[in-house]
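Data block for final.cif (mmCIF, C-alpha atoms):
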data_structure
#
loop_
_atom_site.label_atom_id
_atom_site.label_comp_id
_atom_site.auth_asym_id
_atom_site.auth_seq_id
_atom_site.Cartn_x
_atom_site.Cartn_y
_atom_site.Cartn_z
CA MET A 159 -15.76 12.92 -10.97
CA SER A 160 -16.58 12.76 -14.65
CA ARG A 161 -16.08 9.06 -15.41
CA ASN A 162 -17.61 7.53 -12.32
CA GLY A 163 -20.65 8.72 -10.42
CA ASP A 164 -19.75 6.65 -7.37
CA ARG A 165 -19.56 9.00 -4.37
CA SER A 166 -17.85 6.44 -2.14
CA VAL A 167 -14.07 6.16 -1.79
CA ARG A 168 -12.20 3.30 -0.11
CA ILE A 169 -9.09 4.25 1.84
CA VAL A 170 -6.50 1.51 2.29
CA GLU A 171 -4.57 2.33 5.46
CA VAL A 172 -0.90 1.39 5.12
CA GLY A 173 0.48 3.12 8.21
CA PRO A 174 1.21 0.02 10.30
CA ARG A 175 3.25 -1.47 7.46
CA ASP A 176 4.52 1.14 5.00
CA GLY A 177 4.34 3.84 7.63
CA LEU A 178 6.45 2.09 10.26
CA GLN A 179 8.90 0.20 8.04
CA ASN A 180 10.90 3.31 7.21
CA GLU A 181 10.88 5.01 10.59
CA ALA A 182 14.28 5.31 12.28
CA ALA A 183 12.85 3.85 15.46
CA VAL A 184 11.68 0.59 16.92
CA VAL A 185 8.00 0.67 17.84
CA PRO A 186 7.04 -1.73 20.63
CA THR A 187 4.76 -4.59 19.66
CA ASP A 188 2.04 -3.44 22.04
CA ALA A 189 1.97 -0.05 20.34
CA LYS A 190 1.77 -1.62 16.88
CA VAL A 191 -1.17 -3.79 17.90
CA ALA A 192 -2.93 -0.79 19.43
CA PHE A 193 -2.23 1.23 16.27
CA VAL A 194 -3.83 -1.35 13.98
CA GLU A 195 -6.84 -1.68 16.27
CA ALA A 196 -7.31 2.07 16.61
CA LEU A 197 -7.27 2.53 12.83
CA ALA A 198 -9.92 -0.13 12.36
CA ASP A 199 -11.97 1.46 15.14
CA ALA A 200 -11.70 4.76 13.23
CA GLY A 201 -13.72 3.25 10.38
CA LEU A 202 -11.00 2.14 7.98
CA GLN A 203 -12.16 -1.02 6.24
CA VAL A 204 -8.70 -2.11 5.09
CA VAL A 205 -5.73 -1.82 7.46
CA GLU A 206 -2.46 -3.29 6.20
CA ALA A 207 -1.21 -4.77 9.44
CA THR A 208 2.43 -5.69 8.90
CA SER A 209 4.98 -7.33 6.59
CA PHE A 210 6.37 -10.85 6.53
CA VAL A 211 9.55 -9.97 4.69
CA SER A 212 12.84 -11.01 6.27
CA PRO A 213 13.46 -9.30 9.63
CA ARG A 214 16.99 -8.64 8.39
CA ALA A 215 15.58 -6.55 5.54
CA ILE A 216 12.96 -4.69 7.59
CA PRO A 217 13.93 -4.95 11.28
CA GLN A 218 11.19 -2.50 12.28
CA LEU A 219 8.61 -5.20 11.46
CA ALA A 220 10.46 -8.22 12.83
CA ASP A 221 7.56 -8.91 15.21
CA ALA A 222 5.03 -9.43 12.39
CA ASP A 223 3.97 -12.88 13.63
CA GLU A 224 3.11 -11.61 17.10
CA VAL A 225 1.41 -8.44 15.86
CA LEU A 226 -0.95 -10.29 13.53
CA ARG A 227 -1.80 -12.94 16.12
CA ARG A 228 -2.67 -10.36 18.73
CA VAL A 229 -4.72 -7.88 16.71
CA ARG A 230 -8.40 -7.81 17.65
CA ARG A 231 -10.20 -8.09 14.34
CA LEU A 232 -13.44 -6.28 13.58
CA PRO A 233 -16.08 -7.90 11.37
CA GLY A 234 -15.97 -6.51 7.84
CA VAL A 235 -12.40 -5.18 8.14
CA ARG A 236 -9.53 -6.69 6.14
CA TYR A 237 -6.04 -6.86 7.62
CA PRO A 238 -3.72 -7.67 4.68
CA VAL A 239 -0.04 -8.38 5.17
CA LEU A 240 2.85 -8.02 2.77
CA VAL A 241 4.57 -11.27 1.76
CA PRO A 242 7.60 -11.69 -0.53
CA ASN A 243 7.64 -15.44 -1.14
CA LEU A 244 6.28 -18.81 -0.01
CA ARG A 245 8.26 -18.70 3.22
CA GLY A 246 6.66 -15.37 4.08
CA LEU A 247 3.27 -16.76 3.15
CA GLU A 248 3.74 -19.74 5.47
CA ARG A 249 4.64 -17.42 8.34
CA ALA A 250 1.63 -15.24 7.60
CA GLU A 251 -0.68 -18.26 7.42
CA ALA A 252 0.57 -19.55 10.77
CA ALA A 253 -0.12 -16.13 12.30
CA GLY A 254 -3.72 -16.14 11.03
CA ALA A 255 -3.54 -14.08 7.83
CA ASP A 256 -6.42 -14.17 5.38
CA ALA A 257 -5.38 -11.34 3.03
CA ILE A 258 -2.01 -10.68 1.41
CA ALA A 259 -0.17 -8.26 -0.81
CA VAL A 260 2.81 -8.86 -3.07
CA PHE A 261 5.15 -6.21 -4.40
CA THR A 262 7.17 -5.55 -7.50
CA ALA A 263 7.97 -2.47 -9.58
CA ALA A 264 7.84 -1.05 -13.08
CA SER A 265 11.58 -0.29 -12.94
CA GLU A 266 14.20 -3.03 -13.23
CA ALA A 267 16.74 -1.00 -11.26
CA PHE A 268 14.35 -0.50 -8.35
CA THR A 269 13.26 -4.14 -8.32
CA GLN A 270 16.88 -5.21 -8.08
CA ALA A 271 17.55 -2.76 -5.23
CA ASN A 272 14.33 -3.56 -3.38
CA ILE A 273 14.10 -7.35 -3.61
CA GLY A 274 17.24 -8.44 -5.48
CA MET A 275 15.34 -9.76 -8.50
CA THR A 276 14.38 -8.82 -12.00
CA ILE A 277 10.74 -7.91 -12.59
CA ALA A 278 10.25 -11.25 -14.34
CA GLY A 279 11.90 -13.05 -11.45
CA SER A 280 9.63 -11.35 -8.93
CA LEU A 281 6.54 -12.36 -10.88
CA GLU A 282 7.80 -15.94 -11.04
CA ALA A 283 8.29 -15.93 -7.27
CA PHE A 284 4.79 -14.58 -6.68
CA ALA A 285 3.02 -17.17 -8.85
CA PRO A 286 2.91 -19.94 -6.22
CA VAL A 287 2.19 -17.43 -3.46
CA LEU A 288 -0.86 -16.05 -5.25
CA ALA A 289 -2.02 -19.50 -6.31
CA ARG A 290 -1.92 -20.76 -2.72
CA ALA A 291 -3.67 -17.64 -1.43
CA SER A 292 -6.32 -18.04 -4.11
CA ASP A 293 -6.91 -21.65 -3.14
CA ALA A 294 -7.37 -20.51 0.45
CA GLY A 295 -9.90 -17.86 -0.61
CA TRP A 296 -7.77 -14.96 0.59
CA SER A 297 -7.85 -11.41 -0.72
CA ARG A 298 -4.83 -10.73 -2.97
CA ARG A 299 -3.32 -7.36 -3.81
CA GLY A 300 -0.38 -6.43 -6.02
CA TYR A 301 1.80 -3.35 -5.63
CA VAL A 302 3.56 -1.77 -8.61
CA SER A 303 6.21 0.60 -7.27
CA THR A 304 8.01 3.38 -9.18
CA ALA A 305 5.18 3.76 -11.67
CA PHE A 306 5.95 7.44 -12.18
CA GLY A 307 9.71 7.54 -11.71
CA CYS A 308 12.62 5.55 -10.31
CA PRO A 309 15.27 6.89 -7.90
CA TYR A 310 17.93 4.91 -9.79
CA SER A 311 16.95 5.05 -13.46
CA GLY A 312 14.71 8.11 -13.76
CA ASP A 313 11.67 8.06 -16.04
CA VAL A 314 9.54 4.93 -16.26
CA ALA A 315 7.66 3.97 -19.43
CA THR A 316 3.89 3.87 -19.15
CA ASP A 317 3.86 0.59 -21.09
CA ALA A 318 6.04 -0.97 -18.39
CA VAL A 319 3.49 -0.02 -15.72
CA VAL A 320 0.66 -1.50 -17.76
CA ASP A 321 2.58 -4.70 -18.52
CA VAL A 322 3.47 -5.38 -14.88
CA SER A 323 -0.06 -4.60 -13.73
CA LEU A 324 -1.58 -6.99 -16.24
CA ALA A 325 0.91 -9.69 -15.26
CA LEU A 326 -0.12 -9.37 -11.60
CA LEU A 327 -3.78 -9.63 -12.55
CA ASP A 328 -3.03 -12.71 -14.63
CA LEU A 329 -1.32 -14.28 -11.60
CA GLY A 330 -4.46 -13.80 -9.52
CA CYS A 331 -4.33 -10.40 -7.85
CA ASP A 332 -7.75 -8.95 -7.14
CA GLU A 333 -6.50 -5.37 -7.03
CA ILE A 334 -3.47 -3.46 -8.27
CA SER A 335 -2.01 -0.51 -6.37
CA ILE A 336 0.02 1.86 -8.55
CA GLY A 337 2.76 3.62 -6.61
CA ASP A 338 4.37 7.02 -6.93
CA THR A 339 7.15 5.70 -4.73
CA ILE A 340 9.28 8.84 -4.68
CA GLY A 341 6.48 11.37 -5.06
CA VAL A 342 7.58 12.84 -8.38
CA ALA A 343 4.29 12.67 -10.30
CA TYR A 344 2.32 15.68 -11.48
CA SER A 345 -1.39 15.52 -12.25
CA VAL A 346 -0.63 15.20 -15.96
CA ASP A 347 1.45 12.09 -15.22
CA VAL A 348 -1.35 10.56 -13.17
CA ARG A 349 -3.80 11.17 -16.01
CA ARG A 350 -1.42 9.63 -18.54
CA VAL A 351 -0.64 6.48 -16.57
CA VAL A 352 -4.12 5.90 -15.14
CA SER A 353 -5.76 6.47 -18.54
CA ALA A 354 -3.48 3.85 -20.08
CA LEU A 355 -4.24 1.39 -17.29
CA LEU A 356 -7.99 1.94 -17.58
CA GLU A 357 -7.86 0.86 -21.22
CA ARG A 358 -6.99 -2.63 -19.96
CA ILE A 359 -8.04 -2.82 -16.29
CA PRO A 360 -11.46 -2.21 -14.68
CA VAL A 361 -11.42 0.88 -12.49
CA ASP A 362 -12.70 -1.03 -9.47
CA ARG A 363 -9.51 -3.12 -9.51
CA LEU A 364 -7.18 -0.12 -9.54
CA ALA A 365 -5.77 1.84 -6.58
CA LEU A 366 -3.22 4.62 -6.23
CA HIS A 367 -0.42 4.74 -3.65
CA LEU A 368 0.91 8.30 -3.58
CA HIS A 369 3.85 9.74 -1.72
CA ASP A 370 3.84 13.42 -0.85
CA THR A 371 7.53 14.20 -1.34
CA TYR A 372 6.87 17.50 -3.15
CA GLY A 373 3.39 18.23 -1.81
CA ARG A 374 1.55 17.11 -4.94
CA ALA A 375 -0.25 14.02 -3.64
CA LEU A 376 -3.66 15.63 -3.10
CA ALA A 377 -3.68 17.21 -6.55
CA ASN A 378 -2.82 13.78 -7.92
CA VAL A 379 -5.72 12.25 -5.99
CA GLU A 380 -8.06 14.76 -7.61
CA ALA A 381 -6.73 13.88 -11.07
CA ALA A 382 -7.35 10.19 -10.40
CA LEU A 383 -10.80 10.85 -9.00
CA ASP A 384 -11.69 12.64 -12.23
CA LEU A 385 -10.80 9.43 -14.07
CA GLY A 386 -13.02 7.35 -11.79
CA VAL A 387 -10.48 5.88 -9.37
CA ARG A 388 -12.07 5.26 -5.98
CA ILE A 389 -9.37 3.39 -4.04
CA PHE A 390 -6.43 5.23 -2.46
CA ASP A 391 -3.69 4.17 -0.09
CA ALA A 392 -2.76 6.47 2.77
CA SER A 393 -0.79 6.39 6.01
CA ALA A 394 -1.94 7.83 9.34
CA GLY A 395 0.17 10.86 10.12
CA GLY A 396 1.83 10.70 6.70
CA THR A 397 4.54 8.45 8.07
CA GLY A 398 6.75 6.08 6.20
CA GLY A 399 8.14 5.47 2.80
CA CYS A 400 10.35 2.87 1.20
CA PRO A 401 13.76 2.08 2.72
CA TYR A 402 15.08 1.30 -0.77
CA ALA A 403 13.83 4.53 -2.38
CA PRO A 404 16.02 7.54 -1.59
CA GLY A 405 13.91 10.68 -1.50
CA ALA A 406 10.66 8.99 -0.42
CA PRO A 407 10.07 10.59 2.98
CA GLY A 408 6.39 9.99 3.50
CA ASN A 409 3.07 8.70 2.29
CA LEU A 410 -0.04 10.72 1.71
CA ALA A 411 -1.51 11.34 5.18
CA THR A 412 -4.83 9.61 5.81
CA GLU A 413 -6.13 12.71 7.58
CA SER A 414 -5.29 14.92 4.60
CA LEU A 415 -6.97 12.53 2.21
CA CYS A 416 -10.10 12.49 4.39
CA ALA A 417 -10.17 16.29 4.44
CA LEU A 418 -9.98 16.46 0.65
CA LEU A 419 -12.74 13.87 0.23
CA ASP A 420 -14.90 15.78 2.70
CA ARG A 421 -14.37 18.98 0.72
CA LEU A 422 -15.38 17.19 -2.48
CA GLY A 423 -18.46 15.68 -0.86
CA LEU A 424 -17.26 12.10 -1.23
CA ASP A 425 -18.06 9.42 1.34
CA HIS A 426 -15.23 7.52 3.03
CA GLY A 427 -16.57 6.45 6.42
CA VAL A 428 -13.43 7.36 8.35
CA ASP A 429 -13.21 9.39 11.56
CA SER A 430 -10.17 11.51 10.71
CA GLU A 431 -9.83 12.81 14.28
CA ALA A 432 -9.59 9.23 15.51
CA VAL A 433 -6.91 8.59 12.88
CA GLU A 434 -4.96 11.61 14.14
CA ARG A 435 -5.15 10.26 17.69
CA ALA A 436 -3.94 6.86 16.54
CA ALA A 437 -0.98 8.43 14.72
CA ALA A 438 -0.09 10.55 17.75
CA ALA A 439 -0.24 7.52 20.03
CA VAL A 440 2.09 5.41 17.92
CA ARG A 441 4.53 8.30 17.57
CA SER A 442 4.66 8.67 21.34
CA ALA A 443 5.66 5.01 21.57
CA PHE A 444 8.74 5.36 19.35
CA ALA A 445 11.88 4.18 21.10
CA PRO A 446 15.45 4.79 19.90
CA ASN A 447 16.56 2.08 17.52
CA ALA A 448 18.81 -0.21 19.46
CA GLY A 449 20.14 -1.63 16.14
#
Final structure tokens representation of the file:
Amino acid sequence: MSRNGDRSVRIVEVGPRDGLQNEAAVVPTDAKVAFVEALADAGLQVVEATSFVSPRAIPQLADADEVLRRVRRLPGVRYPVLVPNLRGLERAEAAGADAIAVFTAASEAFTQANIGMTIAGSLEAFAPVLARASDAGWSRRGYVSTAFGCPYSGDVATDAVVDVSLALLDLGCDEISIGDTIGVAYSVDVRRVVSALLERIPVDRLALHLHDTYGRALANVEAALDLGVRIFDASAGGTGGCPYAPGAPGNLATESLCALLDRLGLDHGVDSEAVERAAAAVRSAFAPNAG
């Protein structure tokens, strides 16, 4: 905790979106709504509710409009949704969104596989989305995937991560989430990339999104904490991953992150047992994919 004396950590819960989008099952809408509500009830202040990408691309979240409309919202809790373009933004707005996230990557190969664009093309597509969200006074987040390695092209240059992050900030993102999409980072990699980012970006606008492919996510959290990072993404039950990233089986589990923060004496305000119950409930609702 050397760079930042702040003892409070914000957990961004991504289970209802990133957690469910890669499950080989269709979760009923009622169960999704209950999942989002249970996570907010557990004390999580940011719960990413769903994604307004094309249902053809992510069929598990095809009911995004209904989910967002039905969620009971708690005061002081944000319920961001992922949007890829203006059409997605319009759907989200009609469903009652007031916080969004956009997504690109630091790897050209991954960006092409994930959204069929170059990095520059993705940023161009996000410009009107972020401008409109800004005009509406919405919270705006940017994801930078494959910041520590790409499943298609291997190593990713630190400068590429910094450049994409700065571009998203310039377009109007309030916060940038840096993703270890396939879980290949070691602590030394986290220190290298985060240190470079912190030379250009305030620490309170930086988050980490860590996958636990090789069991290194918690060690990587500790490395980032030492550099002052206080925002981390996690998924209840450790579910999910990216459907376009081979070898990305699961996110850092929210419960595991809470346990580490408890051990370090850091405040997070989350009832981890309630998170475990929420994860168990949504798993019990999985139905075979009728696809």
Restricting the calculation to all atoms listed in the file: of A:Val379, A:Ile334, A:Ala392, A:Leu178, which residue gets closest to A:Ala365?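 Residue with the minimum atom-to-atom distance to A:Ala365: A:Ile334.
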Which residues, named as in the file, does the PyMOL selection byres ((chain A and resi 412-429) around 6) pick out? Answer as JSON, numbers by chain. {"A": [165, 166, 167, 200, 201, 202, 392, 393, 394, 411, 430, 431, 432]}
For the structure provided, state which residues fall under the PyMOL selection byres ((chain A and resi 172) around 8), and present them as a ChimeraX atom specification. /A:170-171,173-177,205-207,391-394
Those same residues - C-alpha atoms - I'd like them written as a PDB file, in the frame of the given file.
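Done, and the output landed in selection_22.pdb:
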ATOM      1  CA  VAL A 170      -6.500   1.510   2.290  1.00  0.00           C
ATOM      2  CA  GLU A 171      -4.570   2.330   5.460  1.00  0.00           C
ATOM      3  CA  GLY A 173       0.480   3.120   8.210  1.00  0.00           C
ATOM      4  CA  PRO A 174       1.210   0.020  10.300  1.00  0.00           C
ATOM      5  CA  ARG A 175       3.250  -1.470   7.460  1.00  0.00           C
ATOM      6  CA  ASP A 176       4.520   1.140   5.000  1.00  0.00           C
ATOM      7  CA  GLY A 177       4.340   3.840   7.630  1.00  0.00           C
ATOM      8  CA  VAL A 205      -5.730  -1.820   7.460  1.00  0.00           C
ATOM      9  CA  GLU A 206      -2.460  -3.290   6.200  1.00  0.00           C
ATOM     10  CA  ALA A 207      -1.210  -4.770   9.440  1.00  0.00           C
ATOM     11  CA  ASP A 391      -3.690   4.170  -0.090  1.00  0.00           C
ATOM     12  CA  ALA A 392      -2.760   6.470   2.770  1.00  0.00           C
ATOM     13  CA  SER A 393      -0.790   6.390   6.010  1.00  0.00           C
ATOM     14  CA  ALA A 394      -1.940   7.830   9.340  1.00  0.00           C
TER      15      ALA A 394
END
On this structure, which residues satisfy the PyMOL selection byres ((chain A and resi 284) around 10), written as a list in words? Val241, Pro242, Asn243, Leu244, Ala259, Val260, Phe261, Thr262, Ala278, Gly279, Ser280, Leu281, Glu282, Ala283, Ala285, Pro286, Val287, Leu288, Ala289, Arg290, Gly300, Leu326, Leu329 and Gly330 of chain A
Between atom CA of A:Arg374 and atom CA of A:Val319, measure the distance and give it in Å to one decimal. 20.3 Å
d(atom CA of A:Asp223, atom CA of A:Pro186) in Å: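 Result for atom CA of A:Asp223 versus atom CA of A:Pro186: 13.5 Å, one decimal.
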Select, from A:Ala438, A:Ala318, A:Leu219, A:Ala250, the residue with the minimum atom-to-atom distance to A:Val184, counting all atoms listed in the file. A:Leu219
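With only C-alpha atoms as the atoms that count, the minimum distance from A:Arg363 to the choices A:Val348, A:Ile340, A:Ile277, A:Leu327 is reached by A:Leu327.
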